[in-house]
file target01.tsv (TSV, C-alpha atoms)
chain	number	residue	atom	x	y	z
A	1	MET	CA	-27.97	-9.39	-60.67
A	2	SER	CA	-28.76	-10.18	-57.11
A	3	ALA	CA	-27.40	-7.50	-54.87
A	4	VAL	CA	-27.96	-9.54	-51.76
A	5	ARG	CA	-24.76	-9.61	-49.84
A	6	ARG	CA	-24.10	-12.92	-48.20
A	7	ALA	CA	-23.10	-12.39	-44.65
A	8	PRO	CA	-19.96	-13.94	-43.28
A	9	ALA	CA	-21.19	-16.62	-40.92
A	10	LEU	CA	-19.21	-15.29	-37.99
A	11	GLY	CA	-20.59	-11.80	-38.31
A	12	ARG	CA	-24.12	-13.09	-38.65
A	13	ARG	CA	-23.76	-15.36	-35.65
A	14	GLY	CA	-22.55	-12.43	-33.63
A	15	VAL	CA	-25.53	-10.37	-34.63
A	16	THR	CA	-28.10	-13.04	-34.01
A	17	ALA	CA	-26.54	-13.98	-30.71
A	18	GLY	CA	-26.94	-10.39	-29.67
A	19	LEU	CA	-30.50	-9.97	-30.91
A	20	LEU	CA	-32.25	-11.48	-27.97
A	21	ALA	CA	-29.34	-11.86	-25.59
A	22	ALA	CA	-29.32	-8.09	-25.37
A	23	VAL	CA	-32.52	-8.17	-23.38
A	24	ALA	CA	-32.00	-11.42	-21.59
A	25	VAL	CA	-31.12	-11.21	-17.92
A	26	PRO	CA	-28.82	-13.97	-16.73
A	27	LEU	CA	-30.63	-16.44	-14.57
A	28	VAL	CA	-28.87	-17.03	-11.31
A	29	ALA	CA	-29.94	-20.11	-9.44
A	30	ALA	CA	-30.70	-19.84	-5.80
A	31	CYS	CA	-27.79	-20.88	-3.66
A	32	ASP	CA	-28.43	-23.50	-1.01
A	33	ASP	CA	-25.08	-23.55	0.69
A	34	GLY	CA	-26.32	-21.59	3.63
A	35	VAL	CA	-25.15	-18.20	2.34
A	36	ASP	CA	-27.99	-15.76	2.01
A	37	LEU	CA	-27.79	-14.22	-1.43
A	38	PRO	CA	-30.16	-11.54	-2.59
A	39	ARG	CA	-32.85	-13.23	-4.63
A	40	LEU	CA	-33.42	-12.16	-8.17
A	41	PRO	CA	-36.95	-11.50	-9.30
A	42	GLU	CA	-38.70	-14.33	-11.08
A	43	LEU	CA	-37.70	-14.15	-14.72
A	44	GLY	CA	-40.26	-14.56	-17.44
A	45	PRO	CA	-39.76	-15.25	-21.11
A	46	ASP	CA	-37.91	-12.73	-23.26
A	47	PRO	CA	-40.47	-10.04	-24.13
A	48	ASP	CA	-39.12	-9.73	-27.69
A	49	GLU	CA	-39.51	-13.42	-28.51
A	50	PRO	CA	-43.09	-13.02	-29.82
A	51	LEU	CA	-41.91	-10.14	-32.01
A	52	LEU	CA	-39.09	-12.26	-33.38
A	53	ALA	CA	-41.45	-15.16	-34.06
A	54	ALA	CA	-43.92	-12.84	-35.81
A	55	ALA	CA	-41.18	-11.25	-37.92
A	56	LEU	CA	-39.88	-14.67	-38.94
A	57	GLN	CA	-43.34	-15.95	-39.83
A	58	ALA	CA	-44.10	-12.81	-41.88
A	59	GLU	CA	-40.84	-13.18	-43.82
A	60	ARG	CA	-41.53	-16.88	-44.46
A	61	GLU	CA	-44.98	-16.02	-45.79
A	62	LEU	CA	-43.49	-13.40	-48.08
A	63	VAL	CA	-40.98	-15.91	-49.42
A	64	ALA	CA	-43.79	-18.41	-50.01
A	65	THR	CA	-45.81	-15.79	-51.87
A	66	VAL	CA	-42.87	-14.85	-54.06
A	67	ARG	CA	-42.33	-18.54	-54.91
A	68	ARG	CA	-46.02	-19.02	-55.73
A	69	THR	CA	-45.89	-15.95	-57.95
A	70	VAL	CA	-42.88	-17.28	-59.84
A	71	ARG	CA	-44.55	-20.67	-60.29
A	72	ARG	CA	-47.63	-19.03	-61.75
A	73	HIS	CA	-45.77	-16.44	-63.85
A	74	ARG	CA	-42.51	-17.91	-65.10
A	75	SER	CA	-41.74	-14.73	-67.02
A	76	LEU	CA	-41.37	-12.90	-63.71
A	77	ARG	CA	-38.63	-15.22	-62.45
A	78	PRO	CA	-35.67	-12.96	-63.42
A	79	LEU	CA	-37.33	-10.01	-61.76
A	80	LEU	CA	-38.37	-11.83	-58.61
A	81	SER	CA	-35.25	-13.90	-57.97
A	82	PRO	CA	-33.50	-10.99	-56.21
A	83	THR	CA	-36.66	-10.37	-54.18
A	84	ALA	CA	-36.68	-13.99	-53.07
A	85	ASP	CA	-32.98	-13.76	-52.22
A	86	VAL	CA	-33.58	-10.72	-50.01
A	87	HIS	CA	-36.31	-12.41	-48.01
A	88	ASP	CA	-34.44	-15.71	-47.88
A	89	ALA	CA	-31.60	-13.78	-46.24
A	90	HIS	CA	-34.05	-12.29	-43.75
A	91	VAL	CA	-35.47	-15.70	-42.91
A	92	ALA	CA	-31.97	-17.13	-42.42
A	93	LEU	CA	-31.01	-14.34	-40.03
A	94	LEU	CA	-34.20	-14.46	-38.01
A	95	ALA	CA	-34.33	-18.26	-37.91
A	96	GLU	CA	-30.82	-18.35	-36.50
A	97	ALA	CA	-31.83	-15.85	-33.83
A	98	ALA	CA	-34.95	-17.89	-33.11
A	99	ASP	CA	-32.69	-20.81	-32.27
A	100	GLY	CA	-33.81	-23.15	-34.99
A	101	SER	CA	-37.47	-23.31	-34.12
A	102	PRO	CA	-39.24	-25.49	-36.69
A	103	PRO	CA	-40.90	-23.48	-39.45
A	104	PRO	CA	-44.67	-23.38	-39.28
A	105	ALA	CA	-46.62	-23.67	-42.51
A	106	ALA	CA	-46.26	-20.59	-44.69
A	107	PRO	CA	-48.54	-21.21	-47.64
A	108	GLY	CA	-48.26	-17.75	-49.17
A	109	ALA	CA	-51.02	-15.63	-50.56
A	110	ARG	CA	-53.21	-16.16	-53.61
A	111	VAL	CA	-51.54	-15.02	-56.83
A	112	PRO	CA	-53.53	-12.93	-59.37
A	113	ALA	CA	-53.78	-14.30	-62.89
A	114	ALA	CA	-52.27	-11.30	-64.67
A	115	PRO	CA	-48.53	-10.71	-64.23
A	116	ARG	CA	-48.93	-7.01	-63.60
A	117	ALA	CA	-51.63	-7.60	-61.02
A	118	ALA	CA	-49.38	-10.20	-59.40
A	119	LEU	CA	-46.60	-7.63	-59.13
A	120	HIS	CA	-48.98	-5.13	-57.60
A	121	ALA	CA	-50.13	-7.71	-55.09
A	122	LEU	CA	-46.55	-8.47	-54.13
A	123	MET	CA	-45.79	-4.77	-53.85
A	124	ASP	CA	-48.70	-4.38	-51.43
A	125	ARG	CA	-47.42	-7.28	-49.36
A	126	GLU	CA	-43.95	-5.75	-49.21
A	127	ARG	CA	-45.45	-2.49	-47.93
A	128	THR	CA	-47.54	-4.31	-45.36
A	129	LEU	CA	-44.50	-6.29	-44.24
A	130	ALA	CA	-42.41	-3.11	-43.94
A	131	GLU	CA	-45.03	-1.39	-41.80
A	132	ALA	CA	-45.39	-4.46	-39.59
A	133	HIS	CA	-41.60	-4.57	-39.09
A	134	VAL	CA	-41.65	-0.87	-38.17
A	135	GLN	CA	-44.29	-1.55	-35.55
A	136	ARG	CA	-42.19	-4.43	-34.19
A	137	ALA	CA	-39.15	-2.15	-34.04
A	138	LEU	CA	-41.13	0.42	-32.09
A	139	ALA	CA	-42.40	-2.22	-29.68
A	140	ALA	CA	-39.07	-3.99	-29.19
A	141	ARG	CA	-37.40	-3.86	-25.79
A	142	SER	CA	-34.01	-4.73	-27.27
A	143	GLY	CA	-32.25	-1.97	-29.19
A	144	PRO	CA	-30.25	-4.40	-31.37
A	145	PHE	CA	-33.42	-6.28	-32.25
A	146	ALA	CA	-35.20	-3.00	-33.08
A	147	ARG	CA	-32.30	-2.10	-35.36
A	148	ILE	CA	-32.48	-5.40	-37.21
A	149	VAL	CA	-36.22	-5.30	-37.84
A	150	GLY	CA	-35.88	-1.64	-38.83
A	151	VAL	CA	-33.32	-2.71	-41.41
A	152	LEU	CA	-35.68	-5.45	-42.64
A	153	ALA	CA	-38.42	-2.83	-42.98
A	154	ALA	CA	-36.14	-0.66	-45.09
A	155	ALA	CA	-35.30	-3.65	-47.30
A	156	ALA	CA	-38.98	-4.49	-47.79
A	157	THR	CA	-39.66	-0.87	-48.71
A	158	GLN	CA	-36.89	-1.02	-51.30
A	159	GLN	CA	-38.49	-4.13	-52.75
A	160	SER	CA	-41.89	-2.43	-52.92
A	161	VAL	CA	-40.31	0.40	-54.92
A	162	VAL	CA	-38.58	-2.01	-57.30
A	163	LEU	CA	-41.79	-3.97	-57.84
A	164	ALA	CA	-43.80	-0.80	-58.44
A	165	GLU	CA	-41.32	0.28	-61.10
A	166	ALA	CA	-41.45	-3.18	-62.68
A	167	ALA	CA	-45.25	-3.10	-62.77
A	168	ASN	CA	-45.12	0.28	-64.49
A	169	ASP	CA	-42.60	-1.07	-66.97
A	170	LEU	CA	-44.91	-3.99	-67.73
A	171	ARG	CA	-47.78	-1.61	-68.40
A	172	ALA	CA	-45.59	0.48	-70.67
A	173	GLY	CA	-44.39	-2.61	-72.52
A	174	ARG	CA	-40.80	-2.14	-71.41
A	175	ARG	CA	-40.60	-5.68	-70.04
B	1	MET	CA	-24.46	4.00	-27.08
B	2	ARG	CA	-26.64	6.26	-24.94
B	3	PRO	CA	-29.61	7.97	-26.61
B	4	LEU	CA	-28.07	11.44	-26.46
B	5	GLU	CA	-24.79	10.16	-27.88
B	6	ALA	CA	-26.70	8.52	-30.72
B	7	LEU	CA	-28.56	11.76	-31.45
B	8	GLN	CA	-25.26	13.66	-31.49
B	9	ALA	CA	-23.68	11.06	-33.78
B	10	THR	CA	-26.65	11.33	-36.12
B	11	LEU	CA	-26.37	15.13	-36.09
B	12	ALA	CA	-22.69	14.84	-36.98
B	13	ALA	CA	-23.63	12.64	-39.94
B	14	GLU	CA	-26.21	15.20	-41.05
B	15	HIS	CA	-23.68	18.03	-40.89
B	16	ALA	CA	-21.40	15.99	-43.14
B	17	ALA	CA	-24.24	15.08	-45.51
B	18	VAL	CA	-25.35	18.70	-45.89
B	19	HIS	CA	-21.79	19.70	-46.69
B	20	ALA	CA	-21.31	16.84	-49.16
B	21	TYR	CA	-24.52	17.64	-51.06
B	22	GLY	CA	-23.45	21.27	-51.20
B	23	VAL	CA	-20.27	20.12	-52.93
B	24	VAL	CA	-21.74	17.57	-55.35
B	25	GLY	CA	-24.74	19.78	-56.13
B	26	GLY	CA	-22.45	22.72	-56.81
B	27	ARG	CA	-20.23	20.68	-59.11
B	28	LEU	CA	-23.00	19.05	-61.14
B	29	PRO	CA	-23.70	20.69	-64.50
B	30	SER	CA	-27.38	20.97	-63.64
B	31	ALA	CA	-28.59	22.21	-67.00
B	32	ASP	CA	-27.40	18.98	-68.59
B	33	ASN	CA	-28.65	16.78	-65.73
B	34	PRO	CA	-31.90	18.30	-64.45
B	35	ALA	CA	-33.29	15.10	-62.93
B	36	LEU	CA	-30.10	14.37	-61.02
B	37	ALA	CA	-29.82	18.00	-59.95
B	38	GLU	CA	-33.33	17.77	-58.54
B	39	ARG	CA	-32.42	14.57	-56.65
B	40	PHE	CA	-29.35	16.26	-55.15
B	41	ARG	CA	-31.38	19.34	-54.22
B	42	SER	CA	-34.11	17.27	-52.65
B	43	ALA	CA	-31.58	15.21	-50.67
B	44	TYR	CA	-29.82	18.38	-49.53
B	45	GLU	CA	-33.10	19.77	-48.23
B	46	ALA	CA	-33.96	16.48	-46.53
B	47	HIS	CA	-30.64	16.40	-44.69
B	48	ARG	CA	-30.97	20.06	-43.67
B	49	GLY	CA	-34.41	19.29	-42.27
B	50	ARG	CA	-33.08	16.31	-40.32
B	51	ARG	CA	-30.14	18.34	-39.06
B	52	ASP	CA	-32.48	21.03	-37.74
B	53	TRP	CA	-34.78	18.47	-36.12
B	54	LEU	CA	-31.83	16.85	-34.38
B	55	ARG	CA	-30.51	20.19	-33.16
B	56	SER	CA	-33.80	21.05	-31.53
B	57	ARG	CA	-34.23	17.52	-30.16
B	58	ILE	CA	-30.80	17.65	-28.52
B	59	ALA	CA	-31.39	21.15	-27.19
B	60	ASP	CA	-34.72	20.00	-25.73
B	61	ARG	CA	-32.71	17.54	-23.65
B	62	GLY	CA	-30.65	20.39	-22.24
B	63	ALA	CA	-27.54	19.52	-24.24
B	64	ASP	CA	-25.57	21.52	-26.76
B	65	PRO	CA	-25.98	20.24	-30.31
B	66	SER	CA	-22.63	19.36	-31.88
B	67	PRO	CA	-21.51	22.03	-34.33
B	68	ALA	CA	-20.46	21.22	-37.86
B	69	ALA	CA	-16.78	20.51	-38.39
B	70	LEU	CA	-14.62	23.24	-39.85
B	71	GLY	CA	-14.14	21.18	-42.98
B	72	TYR	CA	-15.05	17.85	-44.54
B	73	SER	CA	-13.21	15.75	-47.06
B	74	VAL	CA	-15.47	15.05	-50.01
B	75	PRO	CA	-13.75	12.59	-52.35
B	76	VAL	CA	-14.60	14.22	-55.64
B	77	GLU	CA	-12.38	15.95	-58.17
B	78	GLY	CA	-14.36	16.76	-61.26
B	79	ARG	CA	-17.90	17.36	-62.47
B	80	ASP	CA	-18.66	13.90	-63.80
B	81	PRO	CA	-22.28	13.01	-62.88
B	82	VAL	CA	-21.35	9.37	-62.38
B	83	GLU	CA	-18.63	10.25	-59.90
B	84	LEU	CA	-20.85	12.77	-58.12
B	85	THR	CA	-23.65	10.22	-57.84
B	86	SER	CA	-21.23	7.70	-56.39
B	87	VAL	CA	-20.26	10.20	-53.71
B	88	ALA	CA	-23.94	10.82	-52.94
B	89	ARG	CA	-24.53	7.07	-52.61
B	90	GLY	CA	-21.66	6.87	-50.16
B	91	VAL	CA	-23.20	9.67	-48.11
B	92	GLU	CA	-26.54	7.90	-47.98
B	93	GLU	CA	-25.01	4.53	-47.11
B	94	ARG	CA	-23.20	6.09	-44.17
B	95	CYS	CA	-26.33	7.90	-43.07
B	96	ALA	CA	-28.36	4.68	-43.29
B	97	ALA	CA	-25.92	2.99	-40.90
B	98	VAL	CA	-26.11	5.92	-38.50
B	99	TYR	CA	-29.91	5.96	-38.58
B	100	ALA	CA	-29.97	2.23	-37.86
B	101	GLN	CA	-27.68	2.81	-34.89
B	102	LEU	CA	-30.04	5.52	-33.64
B	103	VAL	CA	-32.91	3.02	-33.84
B	104	ALA	CA	-30.91	0.66	-31.62
B	105	SER	CA	-29.99	3.38	-29.13
B	106	SER	CA	-33.32	5.14	-28.70
B	107	THR	CA	-36.95	4.59	-27.90
B	108	GLY	CA	-40.25	6.28	-28.68
B	109	GLU	CA	-40.25	9.31	-30.93
B	110	ASP	CA	-36.50	9.24	-31.56
B	111	ARG	CA	-36.68	5.59	-32.62
B	112	ARG	CA	-39.63	6.35	-34.89
B	113	TRP	CA	-37.64	9.23	-36.43
B	114	GLY	CA	-34.67	6.92	-36.99
B	115	LEU	CA	-36.88	4.32	-38.66
B	116	ASP	CA	-38.41	6.91	-40.98
B	117	ALA	CA	-35.00	8.29	-41.89
B	118	LEU	CA	-33.60	4.81	-42.52
B	119	THR	CA	-36.46	3.94	-44.84
B	120	SER	CA	-36.31	7.26	-46.72
B	121	THR	CA	-32.58	6.96	-47.22
B	122	SER	CA	-32.90	3.38	-48.43
B	123	VAL	CA	-35.37	4.49	-51.08
B	124	LEU	CA	-33.22	7.47	-52.06
B	125	LEU	CA	-30.32	5.07	-52.57
B	126	LEU	CA	-32.32	3.32	-55.29
B	127	SER	CA	-32.93	6.61	-57.09
B	128	LEU	CA	-29.16	7.19	-56.96
B	129	GLY	CA	-28.60	3.94	-58.80
B	130	ALA	CA	-27.89	1.62	-55.88
B	131	GLU	CA	-29.14	-1.95	-56.03
B	132	PRO	CA	-31.63	-3.01	-53.37
B	133	THR	CA	-29.99	-4.95	-50.58
B	134	ALA	CA	-31.17	-7.34	-47.90
B	135	PHE	CA	-29.83	-5.26	-45.03
B	136	PRO	CA	-29.70	-1.53	-45.84
B	137	GLY	CA	-28.05	0.27	-42.95
B	138	ALA	CA	-26.38	-2.86	-41.57
B	139	PRO	CA	-23.14	-3.20	-43.55
B	140	GLU	CA	-21.80	-5.90	-41.25
B	141	LEU	CA	-24.48	-8.28	-42.53

call {"tool": "encode", "arguments": {"input": "target01.tsv", "output": "structure tokens"}}
result
Amino acid sequence: MSAVRRAPALGRRGVTAGLLAAVAVPLVAACDDGVDLPRLPELGPDPDEPLLAAALQAERELVATVRRTVRRHRSLRPLLSPTADVHDAHVALLAEAADGSPPPAAPGARVPAAPRAALHALMDRERTLAEAHVQRALAARSGPFARIVGVLAAAATQQSVVLAEAANDLRAGRR
Amino acid sequence: MRPLEALQATLAAEHAAVHAYGVVGGRLPSADNPALAERFRSAYEAHRGRRDWLRSRIADRGADPSPAALGYSVPVEGRDPVELTSVARGVEERCAAVYAQLVASSTGEDRRWGLDALTSTSVLLLSLGAEPTAFPGAPEL
């Protein structure tokens, strides 16, 4: 019952193209044809690139942790498949914006032995991820990028709520 | 969108949300649906609080806060809790998109406010029976 909506490729490309382009200033090369053009200031790297890289790495680590949790607790697979889908969608969006940078290792966190404890651990990681995305949104220079990481924070918060309810259901024997 | 325009657009969405919750809350047979009635009441209060915050924020900038419209079209006919909840979900989905736009169009305290509102609304959507999504507030994704 995954509710993850798959984005039309065109729409997604448009969004990701705008994520960092929104803050990028076009680089104009100095003209050497004898005409004196006003010189642009030296341009540095996009200030939001580190935020994008950190958001992407955090999402990849969350995906890795979800996969490790499913491997250790097969009974949680139906519950966690939608969670994995959500974060896979986040990784796809951010990776496209990051221009295909190779993924660094994302080993994922240690998984507790008890299923309920594993759900709690995942819930905590979702909350931590959401708060980190909020901080990135606040620090972002680009409004479109702030919007996207704000949306990712909201999605991670939704997942933390779903996982909390599932952990309570496990305790009550409803799962 | 300029920051003030985004604040005004968000205020307009709050006016509409307050009106819509007045309608769905008034139609719901609350004695038979106490939990849902409490959710509607809580959401109504939340939107009123946001509306008032936005009014004062806009006034602080020396602008006139947009007034509520004379009327709103709320697509509900009867008193069916399922139908009323669906209307409430639609309200929250629209508000989530507006909050996300405010995040894009603002900085500092206004952006923080937009982020908080987006997160709160995304959680409220779950309590109204919505499925979690990958991009709450970004329907184009």

call {"tool": "interface_residues", "arguments": {"input": "target01.tsv", "of": "chain B", "to": "chain A", "cutoff": "12 Å", "atoms": "only C-alpha atoms", "output": "JSON, numbers by chain"}}
result
{"B": [1, 2, 3, 6, 96, 97, 98, 99, 100, 101, 102, 103, 104, 105, 106, 107, 108, 109, 110, 111, 112, 113, 114, 115, 116, 117, 118, 119, 120, 121, 122, 123, 124, 125, 126, 127, 129, 130, 131, 132, 133, 134, 135, 136, 137, 138, 139, 140, 141]}

call {"tool": "residues_around", "arguments": {"input": "target01.tsv", "residues": "A:Pro107", "least_positions_apart": "2", "cutoff": "12 Å", "atoms": "all atoms listed in the file", "output": "PyMOL selection string"}}
result
chain A and resi 57-69+103-105+109-111

call {"tool": "atom_distance", "arguments": {"input": "target01.tsv", "atom1": "atom CA of B:Ala17", "atom2": "atom CA of B:Ala59"}}
result
20.6 Å

call {"tool": "closest_residue", "arguments": {"input": "target01.tsv", "among": "B:Asp60, B:Glu5, B:Glu14, B:Glu93", "to": "B:Tyr44", "atoms": "all atoms listed in the file"}}
result
B:Glu14

call {"tool": "residues_around", "arguments": {"input": "target01.tsv", "residues": "B:Ser86", "least_positions_apart": "5", "cutoff": "9 Å", "atoms": "only C-alpha atoms", "output": "list in words"}}
result
Pro81, Val91, Leu128 and Gly129 of chain B

call {"tool": "closest_residue", "arguments": {"input": "target01.tsv", "among": "B:Val18, B:Val76, B:Ala68, B:Leu54", "to": "B:Glu92", "atoms": "all atoms listed in the file"}}
result
B:Val18

call {"tool": "atom_distance", "arguments": {"input": "target01.tsv", "atom1": "atom CA of B:Gly22", "atom2": "atom CA of B:Phe40"}}
result
8.7 Å

call {"tool": "residues_around", "arguments": {"input": "target01.tsv", "residues": "B:Ala12", "least_positions_apart": "2", "cutoff": "9 Å", "atoms": "only C-alpha atoms", "output": "count of residues only"}}
result
13

call {"tool": "residues_around", "arguments": {"input": "target01.tsv", "residues": "stretch 27-36 of chain B", "least_positions_apart": "4", "cutoff": "8 Å", "atoms": "all atoms listed in the file", "output": "list of chain:residue names"}}
result
B:Val23, B:Phe40, B:Gly78, B:Arg79, B:Asp80, B:Pro81, B:Leu84

call {"tool": "residues_around", "arguments": {"input": "target01.tsv", "residues": "A:Ala166", "least_positions_apart": "3", "cutoff": "10 Å", "atoms": "only C-alpha atoms", "output": "ChimeraX atom specification"}}
result
/A:76,79,116,119-120,123,160-163,169-172,174-175

call {"tool": "write_last_selection", "arguments": {"input": "target01.tsv", "atoms": "C-alpha atoms", "output": "mmCIF file, keeping the file's coordinate frame"}}
result
data_model
loop_
_atom_site.group_PDB
_atom_site.id
_atom_site.type_symbol
_atom_site.label_atom_id
_atom_site.label_comp_id
_atom_site.auth_asym_id
_atom_site.auth_seq_id
_atom_site.Cartn_x
_atom_site.Cartn_y
_atom_site.Cartn_z
ATOM 1 C CA LEU A 76 -41.370 -12.900 -63.710
ATOM 2 C CA LEU A 79 -37.330 -10.010 -61.760
ATOM 3 C CA ARG A 116 -48.930 -7.010 -63.600
ATOM 4 C CA LEU A 119 -46.600 -7.630 -59.130
ATOM 5 C CA HIS A 120 -48.980 -5.130 -57.600
ATOM 6 C CA MET A 123 -45.790 -4.770 -53.850
ATOM 7 C CA SER A 160 -41.890 -2.430 -52.920
ATOM 8 C CA VAL A 161 -40.310 0.400 -54.920
ATOM 9 C CA VAL A 162 -38.580 -2.010 -57.300
ATOM 10 C CA LEU A 163 -41.790 -3.970 -57.840
ATOM 11 C CA ASP A 169 -42.600 -1.070 -66.970
ATOM 12 C CA LEU A 170 -44.910 -3.990 -67.730
ATOM 13 C CA ARG A 171 -47.780 -1.610 -68.400
ATOM 14 C CA ALA A 172 -45.590 0.480 -70.670
ATOM 15 C CA ARG A 174 -40.800 -2.140 -71.410
ATOM 16 C CA ARG A 175 -40.600 -5.680 -70.040
#

call {"tool": "axis_aligned_box", "arguments": {"input": "target01.tsv", "around": "stretch 143-154 of chain A", "padding_each_side": "3 Å", "output": "AutoDock Vina command-line options"}}
result
--center_x -34.3 --center_y -3.5 --center_z -37.1 --size_x 14.2 --size_y 11.6 --size_z 21.9

call {"tool": "atom_distance", "arguments": {"input": "target01.tsv", "atom1": "atom CA of A:Arg77", "atom2": "atom CA of A:Ala113"}}
result
15.2 Å

call {"tool": "decode", "arguments": {"input": "target01.tsv", "residues": "stretch 161-172 of chain A", "atoms": "N, CA and C atoms", "output": "compact mmCIF listing (two decimals), in the first residue's frame"}}
result
# COMPACT_ATOMS: atom_id res chain seq x y z
N VAL A 161 5.90 9.18 12.82
CA VAL A 161 4.58 8.96 13.43
C VAL A 161 4.07 7.55 13.10
N VAL A 162 4.21 7.17 11.84
CA VAL A 162 3.75 5.83 11.42
C VAL A 162 4.51 4.74 12.18
N LEU A 163 5.81 4.92 12.33
CA LEU A 163 6.62 3.91 13.02
C LEU A 163 6.29 3.86 14.51
N ALA A 164 6.00 5.01 15.10
CA ALA A 164 5.61 5.04 16.51
C ALA A 164 4.30 4.27 16.72
N GLU A 165 3.36 4.49 15.81
CA GLU A 165 2.08 3.78 15.92
C GLU A 165 2.29 2.28 15.74
N ALA A 166 3.17 1.91 14.81
CA ALA A 166 3.44 0.49 14.57
C ALA A 166 4.09 -0.15 15.79
N ALA A 167 5.00 0.58 16.43
CA ALA A 167 5.66 0.04 17.63
C ALA A 167 4.63 -0.16 18.74
N ASN A 168 3.71 0.78 18.87
CA ASN A 168 2.65 0.63 19.87
C ASN A 168 1.76 -0.56 19.55
N ASP A 169 1.47 -0.74 18.27
CA ASP A 169 0.65 -1.88 17.86
C ASP A 169 1.35 -3.19 18.19
N LEU A 170 2.67 -3.22 17.98
CA LEU A 170 3.43 -4.44 18.30
C LEU A 170 3.33 -4.75 19.78
N ARG A 171 3.47 -3.70 20.59
CA ARG A 171 3.40 -3.92 22.04
C ARG A 171 2.04 -4.43 22.45
N ALA A 172 1.00 -3.91 21.78
CA ALA A 172 -0.37 -4.31 22.13
C ALA A 172 -0.78 -5.61 21.45
